[in-house]
Amino acid sequence: MCFNTVIINPRRRDIRAQVFNLLVYARYNRDGFSVYLVDNKEEKTYRTLDFEKFVEFLKDNVKSPQLLHMHFRAASSGTISLKNVHMWKVESNDESNEYYYVSHNGFVHKFSRFTYVSPNIYYWGRMLSTVSKNKIAKMINKELEEITKEEIESDTLQFIKTEDFRKALFENLNDFNEVLEKYSFWGVLFATNPKRCVIVSYGKPVHIILSNSVLYFSNEDITSLVSGRKKIYGFDFLDALHTTYEDVVIVFDAAKMSIEKTIKLERKVYYFAKEHYCLNNKKNKNVKSVGRENEELDEETLKSLDEAYWWYY
């Protein structure tokens, strides 16, 4: 799944080594690369499908920016195209001229379709034991026929185009809880501009690392890639602080280097099952009947679904 990170660098440290260390995540996320940076009040964005060109852009433009926002895409939904590369600019509808650059790691279930061009089966995670990889591939190939005729927007792009998302981001952040549940959102979303960073974590933790006065937000624990080492009494210590937050909206003031607002999100547990799984288990008294739509389950039922394809939302 995609790699997503924001780096805030108030003391203008040289972070080239840390940034290029993070390119290791491009090994498995090669369906689009993007960056938004703020350096001396100058803003730059770059989006591409070409990894080599992306590296060249970083070499030419990244040394000690105040803010750096990067995303490496794994196309689990939507065609592999420049249109679907993250770091979209979302602007408010009023005269405030407020805007954010947005990227997301995860998926938006309401808009998700199995339409990625490179059918890497490992994206599917835990599958039903009754479904073979060959059957999965056939399902994907049928979708590929449609892709050649029409470019399908990624689930995240469709989500951020909704008026619900725009209103929550620009008008009332407290509405995010209802919006995320309505569209079955999961993951970590970053929205950045020169003044602030809005962090949305829903069902997946956001990692926060402080190293050498540089602050890192990420959907992965990148501590070992961005921190230095100090040897004390013969022991090696990572020169970093690390914490995580989950199910929360955080507004971080990049100028004051402080949290402006924190909103705790209430997340329900949902189960998504394949239709034939339910049919195959009707006679099993230990498994309750589960439909394809969202349905909240109790802990006992969840334990009996060990072989199912499921996520916590």
# chains A, B, ... in the order shown; residues from 1 in each chain; ligands from 1

call {"tool": "residues_around", "arguments": {"residues": "Met87 of chain A", "least_positions_apart": "2", "cutoff": "6 Å", "atoms": "only C-alpha atoms", "output": "ChimeraX atom specification"}}
result
/A:101-103

call {"tool": "write_last_selection", "arguments": {"atoms": "C-alpha atoms", "output": "compact mmCIF listing (two decimals), in the first residue's frame"}}
result
# COMPACT_ATOMS: atom_id res chain seq x y z
CA TYR A 101 -2.09 19.47 -1.17
CA VAL A 102 -3.55 16.07 -0.32
CA SER A 103 -2.20 12.51 -0.25

call {"tool": "residues_around", "arguments": {"residues": "segment 172-178 of chain A", "least_positions_apart": "2", "cutoff": "8 Å", "atoms": "only C-alpha atoms", "output": "count of residues only"}}
result
13

call {"tool": "residues_around", "arguments": {"residues": "Leu23 of chain A", "least_positions_apart": "6", "cutoff": "12 Å", "atoms": "only C-alpha atoms", "output": "ChimeraX atom specification"}}
result
/A:3-5,16-17,29-30,33-34,51-52,54-55,58,70-72,222,225-226

call {"tool": "atom_distance", "arguments": {"atom1": "atom CA of Val38 of chain A", "atom2": "atom CA of Leu68 of chain A"}}
result
6.6 Å

call {"tool": "closest_residue", "arguments": {"among": "A:Arg47, A:His104, A:Lys110, A:Lys261", "to": "Ser81 of chain A", "atoms": "only C-alpha atoms"}}
result
A:Arg47

call {"tool": "residues_around", "arguments": {"residues": "Asp239 of chain A", "least_positions_apart": "2", "cutoff": "9 Å", "atoms": "only C-alpha atoms", "output": "ChimeraX atom specification"}}
result
/A:210-212,227-230,237,241

call {"tool": "write_last_selection", "arguments": {"atoms": "N, CA and C atoms", "output": "PDB file, in the first residue's frame"}}
result
ATOM      1  N   LEU A 210      10.544  12.618  15.963  1.00  0.00           N
ATOM      2  CA  LEU A 210      11.332  13.835  16.099  1.00  0.00           C
ATOM      3  C   LEU A 210      12.796  13.451  16.165  1.00  0.00           C
ATOM      4  N   SER A 211      13.595  13.954  15.218  1.00  0.00           N
ATOM      5  CA  SER A 211      15.020  13.646  15.184  1.00  0.00           C
ATOM      6  C   SER A 211      15.794  14.870  14.732  1.00  0.00           C
ATOM      7  N   ASN A 212      16.724  15.323  15.564  1.00  0.00           N
ATOM      8  CA  ASN A 212      17.580  16.457  15.234  1.00  0.00           C
ATOM      9  C   ASN A 212      16.749  17.690  14.882  1.00  0.00           C
ATOM     10  N   SER A 227      16.751   8.848  11.616  1.00  0.00           N
ATOM     11  CA  SER A 227      17.441   9.262  12.834  1.00  0.00           C
ATOM     12  C   SER A 227      18.935   8.969  12.752  1.00  0.00           C
ATOM     13  N   GLY A 228      19.697   9.722  13.547  1.00  0.00           N
ATOM     14  CA  GLY A 228      21.119   9.445  13.677  1.00  0.00           C
ATOM     15  C   GLY A 228      21.357   8.476  14.813  1.00  0.00           C
ATOM     16  N   ARG A 229      22.612   8.169  15.054  1.00  0.00           N
ATOM     17  CA  ARG A 229      22.953   7.260  16.145  1.00  0.00           C
ATOM     18  C   ARG A 229      23.930   7.941  17.097  1.00  0.00           C
ATOM     19  N   LYS A 230      23.734   7.675  18.374  1.00  0.00           N
ATOM     20  CA  LYS A 230      24.662   8.161  19.382  1.00  0.00           C
ATOM     21  C   LYS A 230      25.161   6.975  20.204  1.00  0.00           C
ATOM     22  N   PHE A 237      22.425   4.195  20.471  1.00  0.00           N
ATOM     23  CA  PHE A 237      21.073   4.708  20.678  1.00  0.00           C
ATOM     24  C   PHE A 237      20.618   5.456  19.432  1.00  0.00           C
ATOM     25  N   LEU A 241      12.811  10.563  18.911  1.00  0.00           N
ATOM     26  CA  LEU A 241      11.629  10.280  19.720  1.00  0.00           C
ATOM     27  C   LEU A 241      10.536   9.797  18.775  1.00  0.00           C
TER      28      LEU A 241
END

call {"tool": "residues_around", "arguments": {"residues": "Phe159 of chain A", "least_positions_apart": "6", "cutoff": "10 Å", "atoms": "only C-alpha atoms", "output": "list of chain:residue names"}}
result
A:Phe107, A:Val108, A:His109, A:Lys110, A:Phe111, A:Glu153, A:Phe165, A:Arg166, A:Val179, A:Leu180, A:Tyr183, A:Phe185
